[in-house]
>>> print(open('model_38.tsv').read())   # TSV, C-alpha atoms
chain	number	residue	atom	x	y	z
B	1009	MET	CA	39.76	-9.57	-12.38
B	1010	LYS	CA	42.72	-7.81	-14.04
B	1011	ASP	CA	44.18	-11.16	-15.11
B	1012	PHE	CA	40.78	-12.28	-16.39
B	1013	GLN	CA	40.39	-9.09	-18.46
B	1014	ARG	CA	43.92	-9.49	-19.84
B	1015	MET	CA	43.08	-13.05	-20.86
B	1016	MET	CA	39.93	-11.85	-22.63
B	1017	ARG	CA	41.92	-9.19	-24.50
B	1018	ASP	CA	44.42	-11.83	-25.62
B	1019	CYS	CA	41.53	-13.97	-26.87
B	1020	ARG	CA	40.13	-11.02	-28.86
B	1021	ASP	CA	43.60	-10.44	-30.32
B	1022	GLY	CA	43.78	-14.07	-31.48
B	1023	LYS	CA	46.57	-15.02	-29.08
B	1024	ILE	CA	44.61	-17.84	-27.39
B	1025	ASP	CA	42.56	-20.65	-28.91
B	1026	LEU	CA	42.07	-22.94	-25.89
B	1027	ILE	CA	41.53	-22.17	-22.20
B	1028	LEU	CA	41.87	-24.93	-19.61
B	1029	VAL	CA	39.88	-24.33	-16.42
B	1030	LYS	CA	39.83	-26.52	-13.32
B	1031	SER	CA	36.13	-25.99	-12.67
B	1032	ILE	CA	33.16	-23.85	-13.77
B	1033	SER	CA	33.27	-22.03	-10.42
B	1034	ARG	CA	36.73	-20.63	-11.31
B	1035	LEU	CA	35.78	-18.75	-14.48
B	1036	GLY	CA	33.03	-16.34	-13.40
B	1037	ARG	CA	31.78	-14.61	-10.24
B	1038	ASN	CA	28.15	-15.50	-11.04
B	1039	THR	CA	26.02	-17.27	-13.62
B	1040	ALA	CA	25.48	-14.19	-15.79
B	1041	GLN	CA	29.18	-13.34	-16.00
B	1042	LEU	CA	30.12	-16.95	-16.72
B	1043	LEU	CA	27.61	-17.31	-19.56
B	1044	TYR	CA	28.52	-13.92	-21.03
B	1045	ALA	CA	32.22	-14.81	-21.05
B	1046	CYS	CA	31.60	-18.25	-22.56
B	1047	SER	CA	29.33	-16.78	-25.23
B	1048	GLU	CA	31.96	-14.23	-26.26
B	1049	LEU	CA	34.75	-16.82	-26.23
B	1050	ASN	CA	32.66	-19.19	-28.35
B	1051	SER	CA	31.99	-16.40	-30.89
B	1052	LEU	CA	35.75	-15.74	-31.02
B	1053	GLY	CA	36.41	-19.40	-31.79
B	1054	VAL	CA	38.13	-19.95	-28.43
B	1055	ASP	CA	37.35	-23.27	-26.79
B	1056	VAL	CA	37.12	-23.63	-23.01
B	1057	TYR	CA	37.53	-26.99	-21.30
B	1058	PHE	CA	36.35	-27.47	-17.71
B	1059	GLU	CA	38.35	-30.31	-16.20
B	1060	VAL	CA	36.06	-31.27	-13.29
B	1061	GLU	CA	32.86	-31.20	-15.36
B	1062	LYS	CA	34.61	-32.66	-18.47
B	1063	LEU	CA	32.87	-30.08	-20.61
B	1064	HIS	CA	33.88	-28.12	-23.78
B	1065	ILE	CA	31.92	-24.94	-24.57
B	1066	ASN	CA	31.92	-25.84	-28.28
B	1067	ASP	CA	29.64	-28.78	-27.41
B	1068	PRO	CA	26.10	-27.97	-28.69
B	1069	GLU	CA	24.60	-28.73	-25.27
B	1070	ALA	CA	27.30	-26.88	-23.35
B	1071	ILE	CA	25.42	-23.64	-22.64
B	1072	GLN	CA	22.47	-25.49	-21.10
B	1073	LEU	CA	24.79	-27.58	-18.95
B	1074	LEU	CA	26.86	-24.53	-18.01
B	1075	THR	CA	23.73	-22.76	-16.80
B	1076	ILE	CA	22.78	-25.69	-14.58
B	1077	TYR	CA	26.29	-26.15	-13.20
B	1078	ALA	CA	26.82	-22.43	-12.62
B	1079	CYS	CA	23.52	-22.06	-10.77
B	1080	LEU	CA	24.44	-24.99	-8.53
B	1081	TYR	CA	27.87	-23.50	-7.76
B	1082	GLN	CA	26.35	-20.05	-7.12
B	1083	ASN	CA	23.75	-21.45	-4.70
B	1084	GLU	CA	26.45	-23.46	-2.93
B	1085	SER	CA	28.62	-20.34	-2.56
B	1086	GLN	CA	25.69	-18.34	-1.18
B	1087	GLU	CA	24.88	-21.09	1.33
B	1088	LYS	CA	28.51	-21.29	2.47
B	1089	SER	CA	28.64	-17.52	2.84
B	1090	HIS	CA	25.44	-17.54	4.91
B	1091	ASN	CA	26.81	-20.26	7.18
B	1092	VAL	CA	30.09	-18.39	7.68
B	1093	ARG	CA	28.27	-15.15	8.48
B	1094	TRP	CA	26.03	-16.93	10.98
B	1095	SER	CA	29.06	-18.51	12.64
B	1096	PHE	CA	30.77	-15.11	12.91
B	1097	LYS	CA	27.61	-13.51	14.31
B	1098	ALA	CA	27.20	-16.21	16.97
B	1099	ARG	CA	30.78	-15.68	18.14
B	1100	PHE	CA	30.36	-11.89	18.08
B	1101	ILE	CA	27.30	-12.19	20.33
B	1102	GLU	CA	29.11	-14.57	22.70
B	1103	GLY	CA	32.18	-12.33	22.76
B	1104	SER	CA	34.32	-15.32	21.78
B	1105	SER	CA	35.40	-14.14	18.33
B	1106	GLY	CA	39.13	-14.34	17.59
B	1107	PHE	CA	38.81	-10.96	15.86
B	1108	ALA	CA	38.61	-9.34	19.31
B	1109	ASP	CA	42.23	-10.31	20.02
B	1110	ARG	CA	43.61	-9.29	16.65
B	1111	VAL	CA	46.83	-7.35	17.20
B	1112	CYS	CA	47.06	-3.69	16.24
B	1113	TYR	CA	50.01	-1.31	16.54
B	1114	GLY	CA	51.00	-0.90	20.19
B	1115	TYR	CA	49.77	-4.32	21.27
B	1116	THR	CA	51.11	-7.84	21.36
B	1117	HIS	CA	49.82	-11.20	22.64
B	1118	ASP	CA	50.46	-12.80	26.01
B	1119	GLU	CA	51.09	-16.54	26.42
B	1120	ASN	CA	47.32	-17.16	26.19
B	1121	GLY	CA	46.87	-15.20	22.97
B	1122	LYS	CA	45.23	-12.23	24.70
B	1123	LEU	CA	45.96	-8.59	23.92
B	1124	ILE	CA	48.47	-6.79	26.12
B	1125	PRO	CA	50.30	-3.48	25.48
B	1126	ASP	CA	53.70	-3.72	23.86
B	1127	PRO	CA	55.83	-1.46	26.12
B	1128	GLU	CA	57.88	0.28	23.42
B	1129	ARG	CA	55.13	0.83	20.86
B	1130	ALA	CA	52.54	1.68	23.52
B	1131	GLU	CA	54.65	4.73	24.39
B	1132	ILE	CA	54.54	5.81	20.74
B	1133	VAL	CA	50.75	5.45	20.72
B	1134	LYS	CA	50.59	7.66	23.82
B	1135	LYS	CA	52.71	10.29	22.04
B	1136	ILE	CA	50.36	10.27	19.04
B	1137	PHE	CA	47.30	10.81	21.23
B	1138	ALA	CA	49.08	13.48	23.30
B	1139	TRP	CA	50.15	15.40	20.20
B	1140	ARG	CA	46.64	15.27	18.83
B	1141	ALA	CA	45.25	16.48	22.15
B	1142	THR	CA	47.47	19.58	21.93
B	1143	GLY	CA	45.90	20.40	18.57
B	1144	LEU	CA	48.52	19.08	16.15
B	1145	SER	CA	47.18	18.12	12.72
B	1146	LEU	CA	47.60	14.60	11.40
B	1147	ARG	CA	50.25	15.84	8.97
B	1148	ALA	CA	52.13	17.56	11.80
B	1149	ILE	CA	52.03	14.31	13.81
B	1150	THR	CA	53.56	12.36	10.91
B	1151	ALA	CA	56.31	15.02	10.75
B	1152	LYS	CA	56.92	14.62	14.51
B	1153	LEU	CA	57.21	10.86	14.18
B	1154	LYS	CA	59.76	11.28	11.38
B	1155	GLU	CA	61.64	13.87	13.45
B	1156	TYR	CA	61.87	11.41	16.36
B	1157	GLY	CA	63.06	8.66	13.99
B	1158	ILE	CA	60.03	6.48	14.73
B	1159	SER	CA	59.30	4.00	11.94
B	1160	SER	CA	55.75	3.27	10.78
B	1161	PRO	CA	54.04	-0.04	11.67
B	1162	ARG	CA	55.43	-1.44	8.41
B	1163	GLY	CA	58.93	-0.19	9.11
B	1164	ASN	CA	58.86	2.82	6.78
B	1165	PRO	CA	60.59	6.06	7.84
B	1166	VAL	CA	57.53	8.15	6.93
B	1167	TRP	CA	54.06	7.53	8.34
B	1168	HIS	CA	50.93	7.85	6.20
B	1169	ILE	CA	48.32	10.26	7.51
B	1170	GLU	CA	45.68	7.52	7.22
B	1171	THR	CA	47.72	5.27	9.54
B	1172	VAL	CA	47.69	7.96	12.24
B	1173	ARG	CA	43.98	8.58	11.68
B	1174	LYS	CA	43.19	4.88	12.16
B	1175	ILE	CA	45.13	4.77	15.42
B	1176	LEU	CA	43.31	7.83	16.79
B	1177	ASN	CA	39.93	6.31	15.86
B	1178	ASN	CA	40.56	2.80	17.17
B	1179	GLU	CA	38.64	1.99	20.35
B	1180	LYS	CA	41.13	-0.79	21.16
B	1181	TYR	CA	43.51	1.83	22.55
B	1182	TYR	CA	41.20	2.51	25.49
B	1183	GLY	CA	40.40	-1.17	26.10
B	1184	ASP	CA	37.18	-1.77	24.16
B	1185	VAL	CA	36.62	-3.79	20.98
B	1186	LEU	CA	34.05	-3.08	18.28
B	1187	LEU	CA	33.34	-6.13	16.14
B	1188	GLN	CA	32.09	-6.26	12.55
B	1189	LYS	CA	33.46	-2.91	11.41
B	1190	THR	CA	33.59	-4.43	7.93
B	1191	TYR	CA	31.76	-7.26	6.20
B	1192	ILE	CA	32.05	-9.32	3.02
B	1193	SER	CA	29.70	-7.63	0.58
B	1194	ASP	CA	30.50	-9.94	-2.34
B	1195	TYR	CA	30.94	-13.62	-1.49
B	1196	PHE	CA	32.39	-14.34	-4.93
B	1197	THR	CA	35.34	-11.94	-4.57
B	1198	GLY	CA	35.54	-11.86	-0.75
B	1199	ARG	CA	35.68	-8.05	-0.93
B	1200	GLN	CA	35.53	-6.34	2.48
B	1201	THR	CA	33.21	-3.31	2.78
B	1202	PRO	CA	32.99	-0.80	5.68
B	1203	ASN	CA	29.93	-1.54	7.79
B	1204	ASN	CA	27.89	1.68	7.80
B	1205	GLY	CA	24.82	0.21	9.45
B	1206	GLU	CA	24.15	-2.61	7.00
B	1207	LEU	CA	24.86	-5.21	9.74
B	1208	ASP	CA	24.84	-5.20	13.54
B	1209	GLN	CA	28.04	-4.28	15.34
B	1210	TYR	CA	29.08	-5.66	18.74
B	1211	LEU	CA	30.93	-3.65	21.39
B	1212	ILE	CA	32.93	-5.47	24.08
B	1213	LYS	CA	33.74	-3.03	26.87
B	1214	GLY	CA	36.86	-3.47	29.01
B	1215	HIS	CA	38.09	-6.32	26.85
B	1216	HIS	CA	41.78	-5.68	27.55
B	1217	GLU	CA	44.14	-3.19	29.14
B	1218	GLY	CA	43.96	0.20	27.45
B	1219	ILE	CA	46.94	2.31	26.47
B	1220	VAL	CA	45.16	5.67	26.82
B	1221	GLU	CA	42.19	6.90	28.82
B	1222	LYS	CA	38.88	7.00	27.01
>>> encode(input="model_38.tsv", output="structure tokens")
Amino acid sequence: MKDFQRMMRDCRDGKIDLILVKSISRLGRNTAQLLYACSELNSLGVDVYFEVEKLHINDPEAIQLLTIYACLYQNESQEKSHNVRWSFKARFIEGSSGFADRVCYGYTHDENGKLIPDPERAEIVKKIFAWRATGLSLRAITAKLKEYGISSPRGNPVWHIETVRKILNNEKYYGDVLLQKTYISDYFTGRQTPNNGELDQYLIKGHHEGIVEK
């Protein structure tokens, strides 16, 4: 979106007079946004050419055709999103989703792609839980990790408080897996949103070996 807005500013400043787009589906997130953008570009004297549809917006019939094309693309995107969500849900219910075996800090995969504790990092996870159990704050735990010379999951010398919080709140560390913690709220952008009850969640108990006791 930032690149799109920068392009629009350049058009308003007279820096662009022709935009080449692969397809109508690439210009806007939905029909309304697409038509609004095309209307403004047309008023600025900026032509847009859609390669797949072979369509210029300065064509007198362009807006009508754009509406039809955009609606078709939007419906197709919604249908694909529905099918993907249904596929995910079926695998969540069956307990066969690959998300269950997604690696988090302290774990690795065995030869079959299943979660197993990583010996070295599992010990660090135990330290984090033990420090928290003694009453240390999250900030104090990050200071302890730095003091011990323990790098963050991304290899940084200083841990973010939020990283420690996520570890302490992740059920994977005691062997369970909760699926669908997030969901795609906007199928045009693919934006992930925390699932606060909007969709069902699926708990798999005893999915793998835990690092700490529940």
>>> atom_distance(input="model_38.tsv", atom1="CA of Tyr1210 in chain B", atom2="CA of Glu1170 in chain B")
24.1 Å
>>> atom_distance(input="model_38.tsv", atom1="CA of Arg1110 in chain B", atom2="CA of Lys1222 in chain B")
19.9 Å
>>> atom_distance(input="model_38.tsv", atom1="CA of Ala1130 in chain B", atom2="CA of Pro1202 in chain B")
26.6 Å
>>> closest_residue(input="model_38.tsv", among="B:Leu1186, B:Cys1019, B:Val1220, B:Ala1045", to="Asp1208 in chain B", atoms="all atoms listed in the file")
B:Leu1186
>>> residues_around(input="model_38.tsv", residues="Val1172 in chain B", least_positions_apart="4", cutoff="8 Å", atoms="only C-alpha atoms", output="ChimeraX atom specification")
/B:1136,1146,1149-1150,1167-1168,1176
>>> write_last_selection(input="model_38.tsv", atoms="C-alpha atoms", output="compact mmCIF listing (two decimals), in the coordinates of the input")
# COMPACT_ATOMS: atom_id res chain seq x y z
CA ILE B 1136 50.36 10.27 19.04
CA LEU B 1146 47.60 14.60 11.40
CA ILE B 1149 52.03 14.31 13.81
CA THR B 1150 53.56 12.36 10.91
CA TRP B 1167 54.06 7.53 8.34
CA HIS B 1168 50.93 7.85 6.20
CA LEU B 1176 43.31 7.83 16.79
>>> closest_residue(input="model_38.tsv", among="B:Ser1031, B:Thr1116, B:Asn1050, B:Gln1041", to="Leu1063 in chain B", atoms="all atoms listed in the file")
B:Ser1031
>>> residues_around(input="model_38.tsv", residues="Glu1128 in chain B", least_positions_apart="2", cutoff="12 Å", atoms="all atoms listed in the file", output="ChimeraX atom specification")
/B:1113-1116,1125-1126,1130-1135,1158,1219
>>> closest_residue(input="model_38.tsv", among="B:Lys1010, B:Lys1062, B:Lys1180, B:Arg1129", to="Lys1213 in chain B", atoms="all atoms listed in the file")
B:Lys1180
>>> build_atoms(input="model_38.tsv", residues="range 1162-1186 of chain B", atoms="N, CA and C atoms", output="compact mmCIF listing (two decimals), in the frame of the given file")
# COMPACT_ATOMS: atom_id res chain seq x y z
N ARG B 1162 54.83 -0.58 9.43
CA ARG B 1162 55.43 -1.44 8.41
C ARG B 1162 56.93 -1.21 8.24
N GLY B 1163 57.50 -0.40 9.14
CA GLY B 1163 58.93 -0.19 9.11
C GLY B 1163 59.40 0.92 8.18
N ASN B 1164 58.48 1.73 7.66
CA ASN B 1164 58.86 2.82 6.78
C ASN B 1164 59.25 4.06 7.59
N PRO B 1165 60.17 4.87 7.09
CA PRO B 1165 60.59 6.06 7.84
C PRO B 1165 59.53 7.15 7.92
N VAL B 1166 58.60 7.13 6.96
CA VAL B 1166 57.53 8.15 6.93
C VAL B 1166 56.18 7.48 7.15
N TRP B 1167 55.39 8.04 8.05
CA TRP B 1167 54.06 7.53 8.34
C TRP B 1167 53.04 8.13 7.37
N HIS B 1168 52.06 7.33 6.97
CA HIS B 1168 50.93 7.85 6.20
C HIS B 1168 49.93 8.50 7.15
N ILE B 1169 49.33 9.56 6.70
CA ILE B 1169 48.32 10.26 7.51
C ILE B 1169 47.19 9.31 7.90
N GLU B 1170 46.80 8.44 6.96
CA GLU B 1170 45.68 7.52 7.22
C GLU B 1170 46.02 6.54 8.34
N THR B 1171 47.30 6.17 8.46
CA THR B 1171 47.72 5.27 9.54
C THR B 1171 47.51 5.93 10.89
N VAL B 1172 47.89 7.21 10.99
CA VAL B 1172 47.69 7.96 12.24
C VAL B 1172 46.20 8.13 12.54
N ARG B 1173 45.43 8.41 11.50
CA ARG B 1173 43.98 8.58 11.68
C ARG B 1173 43.34 7.31 12.24
N LYS B 1174 43.75 6.16 11.70
CA LYS B 1174 43.19 4.88 12.16
C LYS B 1174 43.53 4.61 13.62
N ILE B 1175 44.75 4.96 14.02
CA ILE B 1175 45.13 4.77 15.42
C ILE B 1175 44.26 5.63 16.32
N LEU B 1176 44.07 6.90 15.96
CA LEU B 1176 43.31 7.83 16.79
C LEU B 1176 41.82 7.48 16.85
N ASN B 1177 41.35 6.68 15.90
CA ASN B 1177 39.93 6.31 15.86
C ASN B 1177 39.68 4.87 16.26
N ASN B 1178 40.70 4.21 16.80
CA ASN B 1178 40.56 2.80 17.17
C ASN B 1178 40.26 2.66 18.65
N GLU B 1179 39.07 2.14 18.95
CA GLU B 1179 38.64 1.99 20.35
C GLU B 1179 39.49 1.00 21.14
N LYS B 1180 40.28 0.18 20.45
CA LYS B 1180 41.13 -0.79 21.16
C LYS B 1180 42.12 -0.09 22.09
N TYR B 1181 42.49 1.16 21.75
CA TYR B 1181 43.51 1.83 22.55
C TYR B 1181 43.00 2.27 23.92
N TYR B 1182 41.69 2.26 24.13
CA TYR B 1182 41.20 2.51 25.49
C TYR B 1182 40.53 1.26 26.08
N GLY B 1183 40.78 0.09 25.47
CA GLY B 1183 40.40 -1.17 26.10
C GLY B 1183 39.13 -1.84 25.59
N ASP B 1184 38.40 -1.17 24.71
CA ASP B 1184 37.18 -1.77 24.16
C ASP B 1184 37.47 -2.40 22.79
N VAL B 1185 36.51 -3.20 22.32
CA VAL B 1185 36.62 -3.79 20.98
C VAL B 1185 35.27 -3.68 20.29
N LEU B 1186 35.26 -3.14 19.09
CA LEU B 1186 34.05 -3.08 18.28
C LEU B 1186 34.19 -4.09 17.15
